[in-house]
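Coordinates from final_20.pdb are shown below (PDB, C-alpha atoms and all ligand atoms).
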ATOM      1  CA  MET A   1      -1.238  93.692  81.701
ATOM      2  CA  ALA A   2      -4.181  94.970  79.659
ATOM      3  CA  GLY A   3      -6.275  97.541  81.429
ATOM      4  CA  LEU A   4      -3.453  99.069  83.483
ATOM      5  CA  THR A   5      -2.496 102.701  82.956
ATOM      6  CA  PRO A   6       0.595 102.733  80.748
ATOM      7  CA  LYS A   7       3.810 104.026  82.287
ATOM      8  CA  ARG A   8       4.539 107.609  81.278
ATOM      9  CA  ILE A   9       7.958 107.866  79.666
ATOM     10  CA  VAL A  10       9.658 111.205  79.085
ATOM     11  CA  VAL A  11      12.656 111.086  76.745
ATOM     12  CA  LEU A  12      15.488 113.626  76.918
ATOM     13  CA  ALA A  13      17.603 113.857  73.770
ATOM     14  CA  SER A  14      19.920 116.382  72.148
ATOM     15  CA  GLY A  15      20.686 115.043  68.697
ATOM     16  CA  ARG A  16      20.089 112.419  66.037
ATOM     17  CA  GLY A  17      17.353 110.565  67.919
ATOM     18  CA  SER A  18      17.727 107.004  66.652
ATOM     19  CA  ASN A  19      17.220 105.545  70.138
ATOM     20  CA  PHE A  20      14.202 107.780  70.676
ATOM     21  CA  ALA A  21      12.665 106.656  67.355
ATOM     22  CA  ALA A  22      13.347 103.003  68.129
ATOM     23  CA  ILE A  23      11.612 103.298  71.520
ATOM     24  CA  ALA A  24       8.660 105.231  70.075
ATOM     25  CA  ASP A  25       8.200 102.722  67.249
ATOM     26  CA  ALA A  26       8.500  99.754  69.610
ATOM     27  CA  ILE A  27       5.688 101.225  71.708
ATOM     28  CA  THR A  28       3.548 101.844  68.621
ATOM     29  CA  ASN A  29       4.184  98.282  67.423
ATOM     30  CA  GLY A  30       3.060  96.858  70.736
ATOM     31  CA  GLN A  31       6.519  95.644  71.808
ATOM     32  CA  ILE A  32       6.302  97.588  75.074
ATOM     33  CA  PRO A  33       2.588  97.377  75.796
ATOM     34  CA  GLU A  34       2.750  98.972  79.237
ATOM     35  CA  ALA A  35       4.302 102.265  78.078
ATOM     36  CA  GLN A  36       3.530 105.555  76.403
ATOM     37  CA  ILE A  37       5.817 108.485  75.582
ATOM     38  CA  ALA A  38       4.400 111.533  77.350
ATOM     39  CA  ALA A  39       6.874 113.960  75.748
ATOM     40  CA  LEU A  40      10.275 114.478  74.226
ATOM     41  CA  ILE A  41      12.410 117.199  75.772
ATOM     42  CA  SER A  42      15.419 118.572  73.915
ATOM     43  CA  ASN A  43      17.898 121.260  74.849
ATOM     44  CA  LYS A  44      18.669 121.923  71.152
ATOM     45  CA  PRO A  45      16.110 123.630  68.892
ATOM     46  CA  GLN A  46      17.773 122.245  65.718
ATOM     47  CA  ALA A  47      18.102 118.645  66.882
ATOM     48  CA  PRO A  48      16.894 116.100  64.285
ATOM     49  CA  VAL A  49      15.136 114.206  67.099
ATOM     50  CA  LEU A  50      12.489 116.952  67.222
ATOM     51  CA  GLU A  51      11.291 116.163  63.715
ATOM     52  CA  LEU A  52      11.224 112.448  64.567
ATOM     53  CA  ALA A  53       8.939 113.195  67.517
ATOM     54  CA  GLN A  54       6.689 115.612  65.647
ATOM     55  CA  SER A  55       6.200 113.215  62.749
ATOM     56  CA  ARG A  56       5.088 110.583  65.276
ATOM     57  CA  GLY A  57       2.654 112.948  66.988
ATOM     58  CA  ILE A  58       4.665 112.988  70.226
ATOM     59  CA  PRO A  59       4.580 116.266  72.200
ATOM     60  CA  VAL A  60       7.864 118.142  72.031
ATOM     61  CA  ILE A  61       9.337 120.565  74.548
ATOM     62  CA  VAL A  62      12.428 122.581  73.677
ATOM     63  CA  LEU A  63      14.307 123.991  76.626
ATOM     64  CA  GLU A  64      17.223 125.623  74.864
ATOM     65  CA  SER A  65      20.301 125.361  77.028
ATOM     66  CA  LYS A  66      22.062 128.057  74.975
ATOM     67  CA  ALA A  67      19.459 130.569  76.146
ATOM     68  CA  PHE A  68      20.772 130.046  79.665
ATOM     69  CA  ARG A  69      24.235 131.345  78.816
ATOM     70  CA  LYS A  70      24.965 134.589  80.614
ATOM     71  CA  GLU A  71      28.245 136.430  80.069
ATOM     72  CA  ASN A  72      29.620 133.311  78.433
ATOM     73  CA  ARG A  73      28.762 131.063  81.376
ATOM     74  CA  PHE A  74      26.059 128.433  81.442
ATOM     75  CA  ASP A  75      23.573 129.237  84.201
ATOM     76  CA  ARG A  76      23.094 125.609  85.128
ATOM     77  CA  ILE A  77      21.053 126.383  88.241
ATOM     78  CA  SER A  78      18.330 128.259  86.314
ATOM     79  CA  TYR A  79      18.343 125.684  83.518
ATOM     80  CA  GLU A  80      17.925 122.815  85.957
ATOM     81  CA  LYS A  81      15.143 124.676  87.773
ATOM     82  CA  ASP A  82      13.168 125.053  84.540
ATOM     83  CA  LEU A  83      13.876 121.474  83.505
ATOM     84  CA  LEU A  84      12.777 120.197  86.906
ATOM     85  CA  ASN A  85       9.507 122.168  86.678
ATOM     86  CA  CYS A  86       8.937 120.800  83.227
ATOM     87  CA  LEU A  87       9.588 117.215  84.334
ATOM     88  CA  ARG A  88       7.388 117.539  87.426
ATOM     89  CA  ALA A  89       4.487 118.790  85.311
ATOM     90  CA  LEU A  90       4.798 115.747  83.031
ATOM     91  CA  LYS A  91       4.520 113.322  85.982
ATOM     92  CA  PRO A  92       6.860 110.742  84.479
ATOM     93  CA  ASP A  93       7.111 107.152  85.637
ATOM     94  CA  LEU A  94      10.401 106.893  83.763
ATOM     95  CA  ILE A  95      12.817 109.442  82.318
ATOM     96  CA  CYS A  96      14.918 108.028  79.491
ATOM     97  CA  LEU A  97      18.114 109.764  78.447
ATOM     98  CA  ALA A  98      18.821 109.006  74.806
ATOM     99  CA  GLY A  99      21.832 110.955  73.628
ATOM    100  CA  TYR A 100      21.137 113.795  76.050
ATOM    101  CA  LEU A 101      24.350 115.789  76.123
ATOM    102  CA  LEU A 102      23.982 117.619  79.438
ATOM    103  CA  LEU A 103      24.593 116.217  82.886
ATOM    104  CA  LEU A 104      21.564 116.100  85.144
ATOM    105  CA  GLY A 105      21.961 117.880  88.469
ATOM    106  CA  LYS A 106      21.547 116.522  91.947
ATOM    107  CA  GLU A 107      18.070 117.957  92.526
ATOM    108  CA  ILE A 108      16.573 116.353  89.429
ATOM    109  CA  ILE A 109      18.204 113.016  90.196
ATOM    110  CA  GLN A 110      16.993 113.139  93.795
ATOM    111  CA  THR A 111      13.449 114.128  92.756
ATOM    112  CA  PHE A 112      13.070 111.013  90.586
ATOM    113  CA  PRO A 113      14.929 108.258  92.442
ATOM    114  CA  GLY A 114      15.187 105.033  90.437
ATOM    115  CA  LYS A 115      13.256 106.588  87.576
ATOM    116  CA  ILE A 116      16.006 107.982  85.358
ATOM    117  CA  ILE A 117      17.798 105.663  82.956
ATOM    118  CA  ASN A 118      20.417 106.135  80.249
ATOM    119  CA  ILE A 119      21.989 104.238  77.381
ATOM    120  CA  HIS A 120      25.753 104.310  77.016
ATOM    121  CA  PRO A 121      27.663 102.876  74.033
ATOM    122  CA  SER A 122      30.094 100.677  75.939
ATOM    123  CA  LEU A 123      30.134  97.829  78.413
ATOM    124  CA  LEU A 124      30.218  99.947  81.540
ATOM    125  CA  PRO A 125      32.231 100.370  83.693
ATOM    126  CA  LEU A 126      34.554 100.358  80.668
ATOM    127  CA  PHE A 127      34.911 103.435  78.447
ATOM    128  CA  LYS A 128      32.877 106.053  80.283
ATOM    129  CA  GLY A 129      32.419 109.544  78.885
ATOM    130  CA  LEU A 130      32.590 110.622  75.256
ATOM    131  CA  HIS A 131      33.785 108.660  72.203
ATOM    132  CA  SER A 132      33.323 105.296  73.908
ATOM    133  CA  GLN A 133      33.456 103.370  70.636
ATOM    134  CA  LYS A 134      36.809 104.965  69.751
ATOM    135  CA  GLN A 135      38.090 104.312  73.268
ATOM    136  CA  ALA A 136      37.196 100.633  72.831
ATOM    137  CA  ILE A 137      39.056 100.338  69.499
ATOM    138  CA  VAL A 138      42.126 102.197  70.757
ATOM    139  CA  SER A 139      42.297  99.989  73.856
ATOM    140  CA  GLY A 140      42.637  96.890  71.670
ATOM    141  CA  ALA A 141      39.507  95.313  73.165
ATOM    142  CA  LYS A 142      38.090  92.386  71.220
ATOM    143  CA  GLU A 143      34.518  93.254  72.063
ATOM    144  CA  THR A 144      32.393  96.121  73.264
ATOM    145  CA  GLY A 145      28.690  96.777  73.593
ATOM    146  CA  CYS A 146      26.138  98.986  75.234
ATOM    147  CA  THR A 147      24.653  99.444  78.673
ATOM    148  CA  VAL A 148      21.292 100.636  79.919
ATOM    149  CA  HIS A 149      21.702 101.803  83.502
ATOM    150  CA  PHE A 150      20.065 103.878  86.204
ATOM    151  CA  VAL A 151      21.396 107.420  86.399
ATOM    152  CA  THR A 152      23.099 108.558  89.586
ATOM    153  CA  GLU A 153      25.096 111.667  90.372
ATOM    154  CA  SER A 154      28.310 110.084  89.056
ATOM    155  CA  LEU A 155      28.796 110.105  85.284
ATOM    156  CA  ASP A 156      28.023 106.786  83.557
ATOM    157  CA  GLU A 157      27.714 104.940  86.827
ATOM    158  CA  GLY A 158      24.619 103.626  88.552
ATOM    159  CA  PRO A 159      23.165 100.130  88.646
ATOM    160  CA  ILE A 160      23.235  98.283  85.331
ATOM    161  CA  ILE A 161      19.877  97.164  83.946
ATOM    162  CA  LEU A 162      20.979  95.419  80.752
ATOM    163  CA  GLN A 163      24.052  95.021  78.545
ATOM    164  CA  ASN A 164      24.616  93.538  75.108
ATOM    165  CA  ARG A 165      27.923  92.830  73.379
ATOM    166  CA  ILE A 166      29.362  92.889  69.887
ATOM    167  CA  THR A 167      32.725  91.797  68.538
ATOM    168  CA  ILE A 168      35.154  94.469  67.405
ATOM    169  CA  LEU A 169      36.234  93.531  63.880
ATOM    170  CA  GLU A 170      39.709  93.754  62.407
ATOM    171  CA  ASN A 171      40.139  97.121  60.677
ATOM    172  CA  GLU A 172      37.145  98.453  62.608
ATOM    173  CA  THR A 173      36.801 102.236  62.418
ATOM    174  CA  GLU A 174      34.987 104.465  64.866
ATOM    175  CA  GLU A 175      32.290 105.066  62.226
ATOM    176  CA  SER A 176      31.796 101.383  61.433
ATOM    177  CA  LEU A 177      31.588 100.484  65.115
ATOM    178  CA  ILE A 178      29.105 103.292  65.823
ATOM    179  CA  SER A 179      26.843 102.138  63.008
ATOM    180  CA  ARG A 180      27.058  98.414  63.893
ATOM    181  CA  LEU A 181      26.419  99.148  67.556
ATOM    182  CA  LEU A 182      23.378 101.396  67.062
ATOM    183  CA  PRO A 183      20.857  98.637  66.237
ATOM    184  CA  VAL A 184      22.147  96.718  69.262
ATOM    185  CA  GLU A 185      21.557  99.841  71.379
ATOM    186  CA  HIS A 186      17.999 100.098  70.088
ATOM    187  CA  ALA A 187      17.194  96.474  70.897
ATOM    188  CA  THR A 188      18.807  96.796  74.331
ATOM    189  CA  TYR A 189      16.874  99.938  75.236
ATOM    190  CA  ILE A 190      13.596  98.359  74.093
ATOM    191  CA  GLU A 191      14.236  95.174  76.094
ATOM    192  CA  ALA A 192      15.210  97.168  79.205
ATOM    193  CA  LEU A 193      12.016  99.225  78.966
ATOM    194  CA  LYS A 194       9.934  96.135  78.445
ATOM    195  CA  ARG A 195      11.314  94.729  81.697
ATOM    196  CA  LEU A 196      11.038  97.963  83.656
ATOM    197  CA  CYS A 197       7.507  98.724  82.526
ATOM    198  CA  SER A 198       6.149  95.271  83.175
ATOM    199  CA  ASN A 199       6.802  95.181  86.917
TER     200      ASN A 199
HETATM  201  C1  LIG A 201      23.994 106.723  71.403
HETATM  202  O1  LIG A 201      25.191 106.121  70.942
HETATM  203  C2  LIG A 201      23.829 106.560  72.888
HETATM  204  O2  LIG A 201      24.353 105.358  73.370
HETATM  205  C3  LIG A 201      24.638 107.725  73.419
HETATM  206  O3  LIG A 201      24.367 108.779  72.524
HETATM  207  C4  LIG A 201      24.049 108.232  71.246
HETATM  208  C5  LIG A 201      22.713 108.797  70.863
HETATM  209  O4  LIG A 201      22.336 108.397  69.565
HETATM  210  N1  LIG A 201      24.283 108.034  74.784
HETATM  211  P1  LIG A 201      20.881 108.705  69.028
HETATM  212  O5  LIG A 201      20.669 110.211  69.153
HETATM  213  O6  LIG A 201      19.918 107.945  69.872
HETATM  214  O7  LIG A 201      20.876 108.250  67.606
END

Same coordinates, now as structure tokens:
Amino acid sequence: MAGLTPKRIVVLASGRGSNFAAIADAITNGQIPEAQIAALISNKPQAPVLELAQSRGIPVIVLESKAFRKENRFDRISYEKDLLNCLRALKPDLICLAGYLLLLGKEIIQTFPGKIINIHPSLLPLFKGLHSQKQAIVSGAKETGCTVHFVTESLDEGPIILQNRITILENETEESLISRLLPVEHATYIEALKRLCSN
């Protein structure tokens, strides 16, 4: 409703950033009137998503996960501590994972109950984990899709907010399915945010 303070969204992304850009542009175009992106956080200093945020005037925070490698081991505890501090300071109403390639730890998840959401390129609970589009093709499924869901401590689980489906074509390749599914992901994420931000 006009006049209300927009919900503060923080996006976490590690790579290409097409979902991030779709969300940011939907907000700019007035499709999600009750939202604003407070910041983009990435764990990768070379991620293309950073440029997409900067060119849209969205504040960017890089918390390089590689810098937390000590003697060839990822110091997850220190990384999560810094990420948690960063998130707390941003006072998010919603944290959106959009191709964020690290798992979030228990403390972060428990600090923001019901406020962290993710998009996954399959019809969960099917095809969890990596290469979901390839998993769908290999399984012989006739359709697949994407899922926006709340994030819990179990990978790719948590209550489902919204799903959309597409048919898997004959002779479908992983690449063709990824590229046909992406616009569906964008629309699904935008619709899920519209619903979450309006109540
Ligand atoms: C998307 O397929 C999303 O479902 C998955 O990671 C990919 C991120 O793509 N979690 P992009 O960086 O948003 O283009």

Self-check item: Residues selected by the PyMOL selection byres (((chain A and resi 131) around 12) and not hetatm), written as an MDAnalysis selection string
Solution: chainID A and resid 120:122 126:130 132:138 174:175 177:178

Practice problem: Report as an MDAnalysis selection string which protein, DNA and RNA residues come within 8 Å of ligand LIG 201 (chain A), using only C-alpha atoms and all ligand atoms. | Solution: chainID A and resid 13:21 49 97:101 118:122 146:147 178 181:182 185

I need the chosen residues saved as a PDB file, keeping the file's coordinate frame, with C-alpha atoms.
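Output contents, as saved in result-v6.pdb:
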ATOM      1  CA  ALA A  13      17.603 113.857  73.770  1.00  0.00           C
ATOM      2  CA  SER A  14      19.920 116.382  72.148  1.00  0.00           C
ATOM      3  CA  GLY A  15      20.686 115.043  68.697  1.00  0.00           C
ATOM      4  CA  ARG A  16      20.089 112.419  66.037  1.00  0.00           C
ATOM      5  CA  GLY A  17      17.353 110.565  67.919  1.00  0.00           C
ATOM      6  CA  SER A  18      17.727 107.004  66.652  1.00  0.00           C
ATOM      7  CA  ASN A  19      17.220 105.545  70.138  1.00  0.00           C
ATOM      8  CA  PHE A  20      14.202 107.780  70.676  1.00  0.00           C
ATOM      9  CA  ALA A  21      12.665 106.656  67.355  1.00  0.00           C
ATOM     10  CA  VAL A  49      15.136 114.206  67.099  1.00  0.00           C
ATOM     11  CA  LEU A  97      18.114 109.764  78.447  1.00  0.00           C
ATOM     12  CA  ALA A  98      18.821 109.006  74.806  1.00  0.00           C
ATOM     13  CA  GLY A  99      21.832 110.955  73.628  1.00  0.00           C
ATOM     14  CA  TYR A 100      21.137 113.795  76.050  1.00  0.00           C
ATOM     15  CA  LEU A 101      24.350 115.789  76.123  1.00  0.00           C
ATOM     16  CA  ASN A 118      20.417 106.135  80.249  1.00  0.00           C
ATOM     17  CA  ILE A 119      21.989 104.238  77.381  1.00  0.00           C
ATOM     18  CA  HIS A 120      25.753 104.310  77.016  1.00  0.00           C
ATOM     19  CA  PRO A 121      27.663 102.876  74.033  1.00  0.00           C
ATOM     20  CA  SER A 122      30.094 100.677  75.939  1.00  0.00           C
ATOM     21  CA  CYS A 146      26.138  98.986  75.234  1.00  0.00           C
ATOM     22  CA  THR A 147      24.653  99.444  78.673  1.00  0.00           C
ATOM     23  CA  ILE A 178      29.105 103.292  65.823  1.00  0.00           C
ATOM     24  CA  LEU A 181      26.419  99.148  67.556  1.00  0.00           C
ATOM     25  CA  LEU A 182      23.378 101.396  67.062  1.00  0.00           C
ATOM     26  CA  GLU A 185      21.557  99.841  71.379  1.00  0.00           C
TER      27      GLU A 185
END

Exercise. Name the residues that the PyMOL selection byres (((chain A and resi 50-60) around 12) and not hetatm) picks from the file above, as a count of residues only, using the file's chain letters and numbers.
Key: 38

Self-check item: Nearest candidate to A:Ile77 (options A:Ala141, A:Ile108, A:Ile117, A:Ala192; using all atoms listed in the file)
Solution: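 Using all atoms listed in the file, the shortest distance to A:Ile77 belongs to A:Ile108.
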
I want to know what sits within 10 Å of A:Lys81, based on all atoms listed in the file, with residues of the same chain fewer than 6 positions away left out; could you give that as an mmCIF file with C-alpha atoms, keeping the file's coordinate frame?
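What ended up in around06.cif:
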data_model
loop_
_atom_site.group_PDB
_atom_site.id
_atom_site.type_symbol
_atom_site.label_atom_id
_atom_site.label_comp_id
_atom_site.auth_asym_id
_atom_site.auth_seq_id
_atom_site.Cartn_x
_atom_site.Cartn_y
_atom_site.Cartn_z
ATOM 1 C CA LEU A 87 9.588 117.215 84.334
ATOM 2 C CA GLY A 105 21.961 117.880 88.469
ATOM 3 C CA GLU A 107 18.070 117.957 92.526
ATOM 4 C CA ILE A 108 16.573 116.353 89.429
#

As JSON, what would the box around stretch 2-15 of chain A look like: edges along x, y and z, 5 Å added on every side, centre and edge lengths in Å to one decimal?
{"center_x": 7.2, "center_y": 105.7, "center_z": 76.1, "size_x": 37.0, "size_y": 31.4, "size_z": 24.8}

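Here the residues that fall within 12 Å of (26.1, 125.2, 82.4), using all atoms listed in the file, are given as Asn43, Glu64, Ser65, Lys66, Ala67, Phe68, Arg69, Lys70, Glu71, Asn72, Arg73, Phe74, Asp75, Arg76, Ile77, Ser78, Tyr79, Glu80, Leu101, Leu102, Leu103, Leu104 and Gly105 of chain A.
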
Need the shell around A:Leu169: protein/DNA/RNA residues with any atom at most 9 Å away, counting all atoms listed in the file. Skip same-chain ones fewer than 4 positions apart. Format as a CSV table (one decimal) with C-alpha atoms, in the coordinates of the input?
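Saved to part_34.csv:
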chain,number,residue,atom,x,y,z
A,142,LYS,CA,38.1,92.4,71.2
A,143,GLU,CA,34.5,93.3,72.1
A,173,THR,CA,36.8,102.2,62.4
A,177,LEU,CA,31.6,100.5,65.1

Practice problem: For atom CA of A:Pro6 and atom CA of A:Lys115, determine how far apart the two atoms are, in Å to one decimal place. | Solution: 14.9 Å

Exercise. Please identify all polymer residues within 9 Å of A:His149, counting only C-alpha atoms, omitting same-chain residues fewer than 4 positions from it, and present them as a list in words.
Key: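 These residues fall inside the cut-off: Ile116, Ile117, Asn118, Ile119, His120, Leu124, Asp156, Glu157, Gly158, Pro159, Ile160, Ile161, Leu162 and Gln163 of chain A.
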
Quiz item: How far is it from atom CA of A:Ile166 to atom CA of A:Gly145, in Å with one decimal?
Solution: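 Computing it gives 5.4 Å between the two atoms.
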
Quiz item: Of the residues A:Ile168, A:Leu193, A:Ile95, A:Val184, which is the one nearest to A:Ser139, using only C-alpha atoms?
Solution: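 Residue with the minimum atom-to-atom distance to A:Ser139: A:Ile168.
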
Exercise. Have a look at A:Val151, A:Ile190, A:Ile32, A:Ile109 and name the one nearest to A:Leu84; count all atoms listed in the file.
Key: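 Under the stated criterion, the closest residue is A:Ile109.
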